[in-house]
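For reference, entry.tsv (TSV, C-alpha atoms and all ligand atoms):
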chain	number	residue	atom	x	y	z
A	1	MET	CA	-12.88	21.41	-5.24
A	2	THR	CA	-12.69	24.07	-2.58
A	3	LYS	CA	-11.50	23.22	0.90
A	4	ALA	CA	-14.97	23.88	2.27
A	5	ASN	CA	-16.51	21.32	-0.08
A	6	LEU	CA	-13.80	18.84	0.65
A	7	SER	CA	-14.28	19.04	4.41
A	8	GLU	CA	-17.88	17.89	3.99
A	9	PHE	CA	-16.47	14.52	2.99
A	10	LEU	CA	-13.16	14.33	4.79
A	11	ALA	CA	-12.98	13.15	8.40
A	12	VAL	CA	-9.43	13.53	9.68
A	13	SER	CA	-8.87	12.36	13.26
A	14	ASP	CA	-7.89	14.94	15.91
A	15	GLU	CA	-4.57	13.21	16.41
A	16	VAL	CA	-3.71	13.39	12.70
A	17	ILE	CA	-4.83	17.02	12.40
A	18	ALA	CA	-2.72	17.96	15.42
A	19	ALA	CA	0.32	16.19	13.97
A	20	LEU	CA	-0.04	17.81	10.55
A	21	ASP	CA	-0.60	21.25	12.07
A	22	ALA	CA	2.53	20.86	14.16
A	23	SER	CA	4.55	19.58	11.16
A	24	GLN	CA	5.03	16.21	12.77
A	25	PRO	CA	5.54	13.10	10.62
A	26	VAL	CA	2.40	11.18	9.63
A	27	VAL	CA	2.26	7.83	7.84
A	28	ALA	CA	-0.85	6.74	5.92
A	29	LEU	CA	-1.92	3.07	6.05
A	30	GLU	CA	-4.43	1.31	3.80
A	31	SER	CA	-7.48	-0.75	4.75
A	32	THR	CA	-7.95	-3.20	1.84
A	33	ILE	CA	-4.98	-5.06	3.28
A	34	ILE	CA	-7.11	-5.43	6.45
A	35	SER	CA	-10.40	-6.48	4.82
A	36	HIS	CA	-9.18	-8.38	1.76
A	37	GLY	CA	-5.48	-9.00	2.34
A	38	MET	CA	-5.49	-11.05	5.53
A	39	PRO	CA	-7.93	-13.22	7.53
A	40	TYR	CA	-9.57	-12.17	10.80
A	41	PRO	CA	-8.32	-11.84	13.52
A	42	GLN	CA	-4.71	-11.59	12.27
A	43	ASN	CA	-5.78	-8.67	10.07
A	44	VAL	CA	-6.90	-6.56	13.04
A	45	GLU	CA	-3.92	-7.57	15.18
A	46	THR	CA	-1.59	-6.64	12.32
A	47	ALA	CA	-3.30	-3.31	11.60
A	48	LEU	CA	-2.96	-2.35	15.27
A	49	SER	CA	0.68	-3.49	15.53
A	50	VAL	CA	1.50	-1.56	12.37
A	51	GLU	CA	0.09	1.56	14.01
A	52	ASP	CA	2.18	0.83	17.11
A	53	LYS	CA	5.26	0.38	14.95
A	54	VAL	CA	4.71	3.79	13.34
A	55	ARG	CA	4.38	5.42	16.76
A	56	GLU	CA	7.45	3.60	18.05
A	57	HIS	CA	9.40	5.23	15.23
A	58	GLY	CA	8.21	8.71	16.00
A	59	ALA	CA	5.37	9.22	13.51
A	60	VAL	CA	1.57	9.32	13.76
A	61	PRO	CA	-0.36	6.57	11.92
A	62	ALA	CA	-3.36	7.48	9.77
A	63	THR	CA	-5.23	4.37	8.69
A	64	ILE	CA	-7.52	5.29	5.82
A	65	ALA	CA	-10.98	3.95	4.92
A	66	ILE	CA	-14.38	5.17	3.73
A	67	LEU	CA	-16.95	4.58	6.44
A	68	ASN	CA	-20.62	5.56	6.38
A	69	GLY	CA	-20.07	7.98	3.52
A	70	SER	CA	-17.01	9.81	4.90
A	71	LEU	CA	-13.36	9.69	3.88
A	72	TYR	CA	-11.45	8.85	7.06
A	73	ALA	CA	-7.78	9.53	7.73
A	74	GLY	CA	-7.04	8.20	11.22
A	75	LEU	CA	-9.27	5.43	12.57
A	76	SER	CA	-10.23	4.33	16.07
A	77	LYS	CA	-9.49	0.78	17.26
A	78	GLN	CA	-13.21	0.04	16.99
A	79	GLN	CA	-13.29	1.16	13.36
A	80	ILE	CA	-10.27	-1.03	12.53
A	81	GLU	CA	-11.89	-3.95	14.33
A	82	SER	CA	-15.08	-3.49	12.35
A	83	ILE	CA	-13.27	-3.43	8.99
A	84	GLY	CA	-11.34	-6.56	9.97
A	85	LYS	CA	-14.46	-8.43	11.08
A	86	THR	CA	-16.36	-7.44	7.94
A	87	GLY	CA	-13.46	-8.88	5.92
A	88	GLN	CA	-14.21	-9.51	2.26
A	89	ASP	CA	-17.76	-8.25	2.71
A	90	ALA	CA	-16.30	-4.77	2.98
A	91	ILE	CA	-16.44	-2.87	-0.31
A	92	LYS	CA	-13.02	-2.73	-1.93
A	93	VAL	CA	-12.71	0.88	-3.05
A	94	SER	CA	-10.36	2.12	-5.73
A	95	ARG	CA	-10.44	5.54	-7.47
A	96	ARG	CA	-13.49	4.78	-9.64
A	97	ASP	CA	-15.59	3.61	-6.68
A	98	ILE	CA	-15.13	6.63	-4.38
A	99	PRO	CA	-18.06	8.80	-5.56
A	100	PHE	CA	-20.45	5.85	-5.33
A	101	ILE	CA	-19.60	4.65	-1.86
A	102	LEU	CA	-20.09	8.20	-0.58
A	103	GLN	CA	-23.79	7.76	-1.40
A	104	HIS	CA	-24.10	4.96	1.13
A	105	LYS	CA	-24.30	6.33	4.62
A	106	ASN	CA	-24.21	2.85	6.09
A	107	SER	CA	-21.21	1.21	4.49
A	108	ILE	CA	-17.73	-0.10	5.13
A	109	GLY	CA	-15.35	0.72	2.31
A	110	SER	CA	-11.75	-0.40	2.48
A	111	THR	CA	-9.33	1.59	0.39
A	112	THR	CA	-6.77	0.14	-2.01
A	113	VAL	CA	-3.38	1.74	-2.54
A	114	ALA	CA	-4.93	4.04	-5.16
A	115	ALA	CA	-7.83	5.22	-2.99
A	116	THR	CA	-5.61	5.50	0.08
A	117	MET	CA	-3.18	7.72	-1.85
A	118	ILE	CA	-6.04	9.99	-2.94
A	119	ILE	CA	-7.34	10.46	0.59
A	120	ALA	CA	-3.85	10.80	2.07
A	121	ALA	CA	-3.07	13.57	-0.43
A	122	MET	CA	-6.35	15.35	0.39
A	123	ALA	CA	-5.46	15.26	4.08
A	124	GLY	CA	-1.89	16.48	3.44
A	125	ILE	CA	-0.08	13.20	4.17
A	126	ARG	CA	2.93	12.46	1.97
A	127	VAL	CA	4.17	9.03	3.04
A	128	PHE	CA	2.24	5.76	2.99
A	129	ALA	CA	3.26	2.27	4.11
A	130	THR	CA	1.71	-0.96	2.86
A	131	GLY	CA	2.58	-4.55	1.94
A	132	GLY	CA	2.40	-4.80	-1.83
A	133	ILE	CA	1.12	-2.52	-4.55
A	134	GLY	CA	-1.17	-3.70	-7.34
A	135	GLY	CA	0.41	-4.01	-10.77
A	136	VAL	CA	0.13	-5.40	-14.26
A	137	HIS	CA	-1.23	-8.92	-14.00
A	138	ARG	CA	0.30	-11.85	-15.80
A	139	GLY	CA	-1.52	-12.24	-19.11
A	140	ALA	CA	-2.45	-8.54	-19.17
A	141	GLU	CA	-1.61	-8.43	-22.85
A	142	THR	CA	-4.98	-10.12	-23.36
A	143	SER	CA	-6.90	-9.46	-20.10
A	144	MET	CA	-5.86	-5.77	-19.80
A	145	ASP	CA	-5.84	-6.32	-16.02
A	146	ILE	CA	-3.70	-3.44	-14.78
A	147	SER	CA	-4.23	-2.16	-11.26
A	148	ALA	CA	-5.47	1.42	-10.92
A	149	ASP	CA	-2.71	1.75	-8.29
A	150	LEU	CA	-0.24	2.32	-11.14
A	151	SER	CA	-2.03	5.20	-12.85
A	152	GLU	CA	-2.66	6.72	-9.41
A	153	LEU	CA	1.07	6.65	-8.75
A	154	GLY	CA	1.41	8.62	-11.98
A	155	LYS	CA	-0.62	11.53	-10.67
A	156	THR	CA	-0.94	11.65	-6.89
A	157	ASN	CA	1.89	13.02	-4.76
A	158	VAL	CA	2.34	10.31	-2.16
A	159	ALA	CA	5.40	8.13	-1.57
A	160	VAL	CA	4.46	4.47	-1.18
A	161	VAL	CA	6.71	2.14	0.80
A	162	CYS	CA	6.10	-1.51	-0.14
A	163	ALA	CA	7.87	-4.87	-0.40
A	164	GLY	CA	7.73	-4.85	-4.19
A	165	ALA	CA	5.07	-6.69	-6.13
A	166	LYS	CA	4.37	-10.35	-5.80
A	167	SER	CA	4.91	-12.62	-8.71
A	168	ILE	CA	1.17	-13.11	-9.14
A	169	LEU	CA	1.95	-10.00	-11.20
A	170	ASP	CA	4.12	-9.52	-14.25
A	171	ILE	CA	6.89	-7.48	-12.69
A	172	GLY	CA	8.56	-6.65	-16.01
A	173	LEU	CA	5.33	-5.16	-17.38
A	174	THR	CA	4.60	-3.41	-14.08
A	175	ARG	CA	7.97	-1.76	-14.33
A	176	GLU	CA	7.34	-0.64	-17.92
A	177	TYR	CA	3.97	0.79	-16.96
A	178	LEU	CA	5.44	2.77	-14.08
A	179	GLU	CA	8.15	4.09	-16.34
A	180	THR	CA	5.54	5.35	-18.81
A	181	GLN	CA	3.70	7.01	-15.94
A	182	GLY	CA	6.90	8.72	-14.82
A	183	VAL	CA	6.99	6.96	-11.47
A	184	PRO	CA	10.46	6.32	-10.05
A	185	VAL	CA	11.00	2.97	-8.36
A	186	ILE	CA	13.57	3.21	-5.57
A	187	GLY	CA	15.22	0.11	-4.15
A	188	TYR	CA	15.79	0.62	-0.44
A	189	GLN	CA	19.14	-1.03	0.22
A	190	THR	CA	18.62	-3.19	-2.87
A	191	ASP	CA	19.51	-3.07	-6.58
A	192	VAL	CA	16.66	-5.31	-7.67
A	193	TRP	CA	12.89	-5.37	-7.23
A	194	PRO	CA	11.95	-7.51	-4.27
A	195	ALA	CA	9.12	-10.00	-4.86
A	196	PHE	CA	7.15	-9.41	-1.66
A	197	TYR	CA	7.55	-12.86	-0.04
A	198	THR	CA	11.10	-13.14	-1.31
A	199	ARG	CA	13.91	-10.60	-1.46
A	200	ARG	CA	14.88	-10.69	-5.11
A	201	THR	CA	13.58	-10.75	-8.67
A	202	GLY	CA	15.57	-10.53	-11.88
A	203	PHE	CA	14.43	-6.93	-12.41
A	204	ASP	CA	16.51	-3.89	-11.57
A	205	VAL	CA	15.02	-0.96	-9.69
A	206	ASP	CA	15.48	2.50	-11.23
A	207	TYR	CA	17.56	3.88	-8.37
A	208	ARG	CA	19.05	2.41	-5.24
A	209	LEU	CA	19.10	4.53	-2.07
A	210	ASP	CA	20.36	3.34	1.29
A	211	THR	CA	19.05	5.76	3.91
A	212	PRO	CA	15.72	7.38	4.85
A	213	GLU	CA	17.41	10.79	4.43
A	214	ASP	CA	18.35	10.08	0.82
A	215	VAL	CA	14.82	8.93	0.03
A	216	ALA	CA	13.36	12.03	1.71
A	217	SER	CA	15.68	14.29	-0.31
A	218	VAL	CA	14.46	12.82	-3.58
A	219	ILE	CA	10.79	13.14	-2.54
A	220	ASN	CA	11.50	16.69	-1.46
A	221	ASN	CA	13.08	17.55	-4.83
A	222	LYS	CA	10.12	16.06	-6.62
A	223	MET	CA	7.66	18.10	-4.56
A	224	ALA	CA	9.70	21.29	-4.83
A	225	LEU	CA	9.50	21.06	-8.63
A	226	ASP	CA	5.82	20.14	-8.50
A	227	LEU	CA	6.56	17.08	-10.59
A	228	GLN	CA	3.21	15.41	-9.79
A	229	GLY	CA	2.87	11.77	-8.99
A	230	GLY	CA	4.10	9.30	-6.45
A	231	THR	CA	7.26	7.40	-5.75
A	232	VAL	CA	7.56	3.68	-5.10
A	233	ILE	CA	10.04	2.66	-2.44
A	234	CYS	CA	10.69	-1.08	-2.51
A	235	VAL	CA	11.95	-2.59	0.72
A	236	PRO	CA	12.87	-6.30	0.67
A	237	VAL	CA	11.26	-8.48	3.34
A	238	PRO	CA	13.74	-8.93	6.26
A	239	ALA	CA	15.93	-11.97	5.49
A	240	ASP	CA	14.78	-13.90	8.58
A	241	PHE	CA	11.21	-13.91	7.32
A	242	ALA	CA	11.74	-14.36	3.56
A	243	MET	CA	10.11	-17.42	2.02
A	244	ASP	CA	11.68	-20.08	-0.14
A	245	GLU	CA	11.49	-19.08	-3.82
A	246	THR	CA	10.66	-22.56	-5.14
A	247	VAL	CA	7.85	-23.02	-2.62
A	248	MET	CA	6.47	-19.59	-3.47
A	249	ASP	CA	6.64	-20.08	-7.23
A	250	ALA	CA	4.76	-23.36	-6.97
A	251	ALA	CA	2.09	-21.77	-4.75
A	252	ILE	CA	1.64	-18.83	-7.09
A	253	ASN	CA	1.35	-21.02	-10.17
A	254	GLN	CA	-1.24	-23.19	-8.47
A	255	ALA	CA	-3.22	-20.13	-7.36
A	256	LEU	CA	-3.16	-18.66	-10.88
A	257	LYS	CA	-4.41	-21.97	-12.32
A	258	ASP	CA	-7.29	-22.07	-9.82
A	259	MET	CA	-8.16	-18.48	-10.66
A	260	LEU	CA	-8.39	-19.21	-14.39
A	261	ALA	CA	-10.37	-22.40	-13.76
A	262	ARG	CA	-12.92	-20.48	-11.69
A	263	GLY	CA	-13.14	-17.62	-14.18
A	264	ILE	CA	-12.31	-14.98	-11.56
A	265	THR	CA	-11.68	-11.52	-13.03
A	266	GLY	CA	-11.63	-7.82	-12.16
A	267	LYS	CA	-11.29	-6.57	-8.62
A	268	ASP	CA	-11.73	-10.09	-7.20
A	269	THR	CA	-8.48	-11.42	-8.68
A	270	THR	CA	-6.01	-9.95	-6.18
A	271	PRO	CA	-7.95	-10.98	-3.02
A	272	PHE	CA	-8.54	-14.47	-4.47
A	273	LEU	CA	-4.86	-14.99	-5.23
A	274	LEU	CA	-3.74	-13.73	-1.81
A	275	GLU	CA	-6.12	-16.06	0.01
A	276	LYS	CA	-5.24	-19.04	-2.16
A	277	ILE	CA	-1.51	-18.55	-1.63
A	278	ALA	CA	-1.98	-18.31	2.13
A	279	GLU	CA	-4.00	-21.54	1.99
A	280	ILE	CA	-1.44	-23.39	-0.14
A	281	THR	CA	1.53	-22.33	1.99
A	282	GLY	CA	-0.33	-23.34	5.15
A	283	GLY	CA	-0.26	-19.88	6.67
A	284	ASN	CA	3.49	-19.38	6.32
A	285	SER	CA	2.95	-16.67	3.76
A	286	LEU	CA	0.73	-14.81	6.23
A	287	GLN	CA	3.56	-14.62	8.78
A	288	THR	CA	5.89	-13.28	6.11
A	289	ASN	CA	3.24	-10.80	5.02
A	290	ILE	CA	2.81	-9.49	8.58
A	291	GLN	CA	6.54	-9.08	9.12
A	292	LEU	CA	7.17	-7.23	5.89
A	293	VAL	CA	4.33	-4.77	6.56
A	294	LEU	CA	5.77	-4.03	10.01
A	295	ASN	CA	9.18	-3.45	8.49
A	296	ASN	CA	7.73	-1.15	5.82
A	297	ALA	CA	5.93	0.84	8.53
A	298	LYS	CA	9.26	1.39	10.26
A	299	ILE	CA	11.07	2.58	7.11
A	300	ALA	CA	8.11	4.78	6.10
A	301	SER	CA	8.15	6.44	9.53
A	302	GLN	CA	11.86	7.17	9.22
A	303	ILE	CA	11.31	8.67	5.76
A	304	ALA	CA	8.36	10.75	7.00
A	305	LYS	CA	10.49	12.05	9.88
A	306	SER	CA	13.30	13.03	7.59
A	307	LEU	CA	10.90	14.67	5.14
A	308	VAL	CA	9.45	16.84	7.90
A	309	ALA	CA	12.95	17.81	9.06
A	310	LYS	CA	13.83	18.85	5.51
A	311	SER	CA	10.72	20.97	5.03
A	312	LEU	CA	11.51	22.74	8.31
A	313	GLU	CA	15.03	23.62	7.18
A	314	PRO	CA	15.30	27.40	6.62
A	315	SER	CA	16.45	26.98	3.00
A	316	GLY	CA	13.86	24.31	2.13
B	1	LIG	N1	-1.13	-6.80	-2.75
B	1	LIG	C1	-0.91	-7.36	-1.56
B	1	LIG	N2	-1.82	-7.20	-0.56
B	1	LIG	C2	-2.95	-6.46	-0.73
B	1	LIG	C3	-3.16	-5.84	-2.01
B	1	LIG	C4	-2.22	-6.04	-2.98
B	1	LIG	O1	0.09	-8.02	-1.38
B	1	LIG	O2	-3.76	-6.36	0.20
B	1	LIG	C5	-4.36	-4.96	-2.20
B	1	LIG	C6	-3.94	-3.48	-2.07
B	1	LIG	O3	-4.99	-2.78	-1.44
B	1	LIG	C7	-3.83	-3.04	-3.52
B	1	LIG	C8	-4.95	-3.84	-4.13
B	1	LIG	O4	-4.00	-1.66	-3.71
B	1	LIG	O5	-4.87	-5.11	-3.51
B	1	LIG	C9	-4.82	-3.95	-5.63
B	1	LIG	O6	-6.00	-4.47	-6.15
B	1	LIG	P1	-6.25	-4.41	-7.72
B	1	LIG	O7	-5.21	-5.31	-8.30
B	1	LIG	O8	-7.66	-4.92	-7.91
B	1	LIG	O9	-6.07	-2.98	-8.12
B	2	MN	MN	-7.41	-5.50	-11.62

Take the structure in the file and give it back as structure tokens.
Ligand code: PSU
Ligand code: MN
Amino acid sequence: MTKANLSEFLAVSDEVIAALDASQPVVALESTIISHGMPYPQNVETALSVEDKVREHGAVPATIAILNGSLYAGLSKQQIESIGKTGQDAIKVSRRDIPFILQHKNSIGSTTVAATMIIAAMAGIRVFATGGIGGVHRGAETSMDISADLSELGKTNVAVVCAGAKSILDIGLTREYLETQGVPVIGYQTDVWPAFYTRRTGFDVDYRLDTPEDVASVINNKMALDLQGGTVICVPVPADFAMDETVMDAAINQALKDMLARGITGKDTTPFLLEKIAEITGGNSLQTNIQLVLNNAKIASQIAKSLVAKSLEPSG
């Protein structure tokens, strides 16, 4: 698509345009986490504090959504509030859904990791912070339930900072799928995949890196060679906020049982499981979720800053 065609659809905020034009760091943020990942009003409060956190660390936040038929990168407080209030009535948009929601001039579409990556890349944003990515679901060998986030990571050039994948997913299979797609999984100050609410799983990451500069160098190399596709940067939840593994395992198993009993499938599975787990853990998991997203926003901002510095180097 030509730039002219693209700009018919793309609505980048003035602040984000100014930052990109001036080669300042920008961090993309998703909106399905607001509509489907957390309850109101904590979802709106969190989305706004995540933006503050990005600013505090010297980058410009670009929360991404599809509103009234336009692809937005950079939302107003009112727009974030409206997505949060609409909650699960918002349309959860992944890659396949984008052309359809553009037909509806009066709609609230929240973007998953996949759709957020697509819009971020269109706008020229290279770093994205979220809570957890989608993955290969447990039982995928029969259900074939594999998040479109994974194939997106195989083709779209955006680095995604997350707290790993929660064990509602099959982390071993998620890892295999990412390997096939050529997506490197970096452990940020960790040798093993974190499990979102908890800091460790039994699965190794592909590479461990300990500083934002090292992560930015790798992303820079990948872009310089035009190697296509994203990078996953797994940051363990800060120790003070990590949940107890036994409590979490029990909650996840219960949630999976309820899901099967109710026959929930397709795009409804992830939101159902997240809500159920929050309910079972009496809201504790929500606090952990909020804290890990804030921490990821900080690390992503540091990486974005370093990436900008590298592209401004005379040799780079
Ligand atoms: N995992 C979380 N919180 C979330 C999601 C995943 O811990 O909010 C959301 C993200 O938007 C992710 C999406 O991209 O769920 C994956 O959905 P699916 O499995 O249907 O692809
Ligand atoms: Mn799915």

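For the atom pair formed by atom CA of Lys305 of chain A and atom CA of Gln24 of chain A, the distance is 7.4 Å, given to one decimal.
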
Report task. Give as a PyMOL selection string the residues surrounding ligand MN 2 (chain B) up to a distance of 6 Å, considering only C-alpha atoms and all ligand atoms. Result -> chain A and resi 145-147+266-267

Requested in this report: Within 10 Å of Asp97 of chain A, counting only C-alpha atoms, which residues show up once you throw out same-chain ones fewer than 4 positions away? Write them as a list of chain:residue names, please.
Outcome: A:Ile91, A:Lys92, A:Val93, A:Ile101, A:Leu102, A:Gly109, A:Thr111, A:Ala115

Query - Residue with smallest distance to Cys234 of chain A - pool A:Ile108, A:Leu10, A:Leu209, A:Leu169, counting only C-alpha atoms - result: A:Leu209

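Between atom CA of Val218 of chain A and atom CA of Gly154 of chain A the interatomic distance comes to 16.1 Å.
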
Query raised in the report: Which is closest to Val160 of chain A among A:Ala18, A:Ile34, A:Ala123, A:Ala300, if we use only C-alpha atoms?
Result: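 With only C-alpha atoms as the atom set, the closest residue is A:Ala300.
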
**Report entry** Surrounding residues of Thr156 of chain A excluding itself and chain neighbours under 2 positions, 7 Å, only C-alpha atoms, as a VMD selection string
**Finding:** chain A and resid 117 to 118 152 to 154 158 228 to 230

Requested in this report: Find, counting only C-alpha atoms, the residue in A:Ile80, A:Leu256, A:Ala224, A:Ala62 that gets nearest to Ala47 of chain A.
Outcome: A:Ile80

Would you list the residues near (-13.0, -11.4, 15.5), meaning any protein, DNA or RNA residue with an atom at most 10 Å from that point in file coordinates, counting only C-alpha atoms, as a short mmCIF file (atom, residue, chain, number, x, y, z; two decimals) with C-alpha atoms, in the coordinates of the input?
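Result saved to result_8.cif:
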data_model
loop_
_atom_site.label_atom_id
_atom_site.label_comp_id
_atom_site.auth_asym_id
_atom_site.auth_seq_id
_atom_site.Cartn_x
_atom_site.Cartn_y
_atom_site.Cartn_z
CA PRO A 39 -7.93 -13.22 7.53
CA TYR A 40 -9.57 -12.17 10.80
CA PRO A 41 -8.32 -11.84 13.52
CA GLN A 42 -4.71 -11.59 12.27
CA ASN A 43 -5.78 -8.67 10.07
CA VAL A 44 -6.90 -6.56 13.04
CA GLU A 45 -3.92 -7.57 15.18
CA GLU A 81 -11.89 -3.95 14.33
CA SER A 82 -15.08 -3.49 12.35
CA GLY A 84 -11.34 -6.56 9.97
CA LYS A 85 -14.46 -8.43 11.08
CA THR A 86 -16.36 -7.44 7.94
CA GLY A 87 -13.46 -8.88 5.92
#

Please complete segment 6-14 of chain A with all heavy atoms and give it back as a PDB file, in the coordinates of the input.
ATOM      1  N   LEU A   6     -14.557  20.034   0.315  1.00  0.00           N
ATOM      2  CA  LEU A   6     -13.800  18.840   0.650  1.00  0.00           C
ATOM      3  C   LEU A   6     -14.080  18.420   2.095  1.00  0.00           C
ATOM      4  O   LEU A   6     -14.269  17.245   2.394  1.00  0.00           O
ATOM      5  CB  LEU A   6     -12.319  19.129   0.435  1.00  0.00           C
ATOM      6  CG  LEU A   6     -11.349  17.975   0.538  1.00  0.00           C
ATOM      7  CD1 LEU A   6     -11.750  16.881  -0.439  1.00  0.00           C
ATOM      8  CD2 LEU A   6      -9.947  18.458   0.210  1.00  0.00           C
ATOM      9  N   SER A   7     -14.136  19.386   2.995  1.00  0.00           N
ATOM     10  CA  SER A   7     -14.280  19.040   4.410  1.00  0.00           C
ATOM     11  C   SER A   7     -15.652  18.433   4.717  1.00  0.00           C
ATOM     12  O   SER A   7     -15.832  17.797   5.735  1.00  0.00           O
ATOM     13  CB  SER A   7     -14.007  20.261   5.291  1.00  0.00           C
ATOM     14  OG  SER A   7     -14.963  21.241   5.006  1.00  0.00           O
ATOM     15  N   GLU A   8     -16.601  18.600   3.825  1.00  0.00           N
ATOM     16  CA  GLU A   8     -17.880  17.890   3.990  1.00  0.00           C
ATOM     17  C   GLU A   8     -17.678  16.389   3.953  1.00  0.00           C
ATOM     18  O   GLU A   8     -18.438  15.628   4.529  1.00  0.00           O
ATOM     19  CB  GLU A   8     -18.787  18.202   2.794  1.00  0.00           C
ATOM     20  CG  GLU A   8     -19.738  19.330   2.970  1.00  0.00           C
ATOM     21  CD  GLU A   8     -20.523  19.519   1.676  1.00  0.00           C
ATOM     22  OE1 GLU A   8     -21.058  18.518   1.132  1.00  0.00           O
ATOM     23  OE2 GLU A   8     -20.560  20.673   1.220  1.00  0.00           O
ATOM     24  N   PHE A   9     -16.694  15.954   3.185  1.00  0.00           N
ATOM     25  CA  PHE A   9     -16.470  14.520   2.990  1.00  0.00           C
ATOM     26  C   PHE A   9     -15.357  13.962   3.853  1.00  0.00           C
ATOM     27  O   PHE A   9     -15.346  12.795   4.180  1.00  0.00           O
ATOM     28  CB  PHE A   9     -16.100  14.255   1.522  1.00  0.00           C
ATOM     29  CG  PHE A   9     -17.213  14.530   0.559  1.00  0.00           C
ATOM     30  CD1 PHE A   9     -17.218  15.681  -0.214  1.00  0.00           C
ATOM     31  CD2 PHE A   9     -18.258  13.627   0.427  1.00  0.00           C
ATOM     32  CE1 PHE A   9     -18.245  15.922  -1.109  1.00  0.00           C
ATOM     33  CE2 PHE A   9     -19.295  13.854  -0.461  1.00  0.00           C
ATOM     34  CZ  PHE A   9     -19.288  15.013  -1.237  1.00  0.00           C
ATOM     35  N   LEU A  10     -14.381  14.817   4.173  1.00  0.00           N
ATOM     36  CA  LEU A  10     -13.160  14.330   4.790  1.00  0.00           C
ATOM     37  C   LEU A  10     -13.261  14.363   6.316  1.00  0.00           C
ATOM     38  O   LEU A  10     -13.604  15.391   6.892  1.00  0.00           O
ATOM     39  CB  LEU A  10     -12.012  15.250   4.318  1.00  0.00           C
ATOM     40  CG  LEU A  10     -10.581  14.785   4.467  1.00  0.00           C
ATOM     41  CD1 LEU A  10     -10.352  13.449   3.764  1.00  0.00           C
ATOM     42  CD2 LEU A  10      -9.638  15.848   3.874  1.00  0.00           C
ATOM     43  N   ALA A  11     -12.967  13.218   6.945  1.00  0.00           N
ATOM     44  CA  ALA A  11     -12.980  13.150   8.400  1.00  0.00           C
ATOM     45  C   ALA A  11     -11.582  12.768   8.882  1.00  0.00           C
ATOM     46  O   ALA A  11     -11.224  11.591   8.893  1.00  0.00           O
ATOM     47  CB  ALA A  11     -14.000  12.114   8.864  1.00  0.00           C
ATOM     48  N   VAL A  12     -10.795  13.784   9.213  1.00  0.00           N
ATOM     49  CA  VAL A  12      -9.430  13.530   9.680  1.00  0.00           C
ATOM     50  C   VAL A  12      -9.458  13.500  11.204  1.00  0.00           C
ATOM     51  O   VAL A  12     -10.063  14.382  11.833  1.00  0.00           O
ATOM     52  CB  VAL A  12      -8.461  14.619   9.158  1.00  0.00           C
ATOM     53  CG1 VAL A  12      -7.029  14.301   9.557  1.00  0.00           C
ATOM     54  CG2 VAL A  12      -8.566  14.747   7.639  1.00  0.00           C
ATOM     55  N   SER A  13      -8.817  12.490  11.794  1.00  0.00           N
ATOM     56  CA  SER A  13      -8.870  12.360  13.260  1.00  0.00           C
ATOM     57  C   SER A  13      -8.137  13.529  13.933  1.00  0.00           C
ATOM     58  O   SER A  13      -7.240  14.131  13.347  1.00  0.00           O
ATOM     59  CB  SER A  13      -8.243  11.042  13.705  1.00  0.00           C
ATOM     60  OG  SER A  13      -6.842  11.107  13.547  1.00  0.00           O
ATOM     61  N   ASP A  14      -8.513  13.835  15.160  1.00  0.00           N
ATOM     62  CA  ASP A  14      -7.890  14.940  15.910  1.00  0.00           C
ATOM     63  C   ASP A  14      -6.380  14.747  16.003  1.00  0.00           C
ATOM     64  O   ASP A  14      -5.606  15.686  15.866  1.00  0.00           O
ATOM     65  CB  ASP A  14      -8.473  15.020  17.325  1.00  0.00           C
ATOM     66  CG  ASP A  14      -9.933  15.474  17.299  1.00  0.00           C
ATOM     67  OD1 ASP A  14     -10.368  16.012  16.242  1.00  0.00           O
ATOM     68  OD2 ASP A  14     -10.641  15.266  18.305  1.00  0.00           O
TER      69      ASP A  14
END
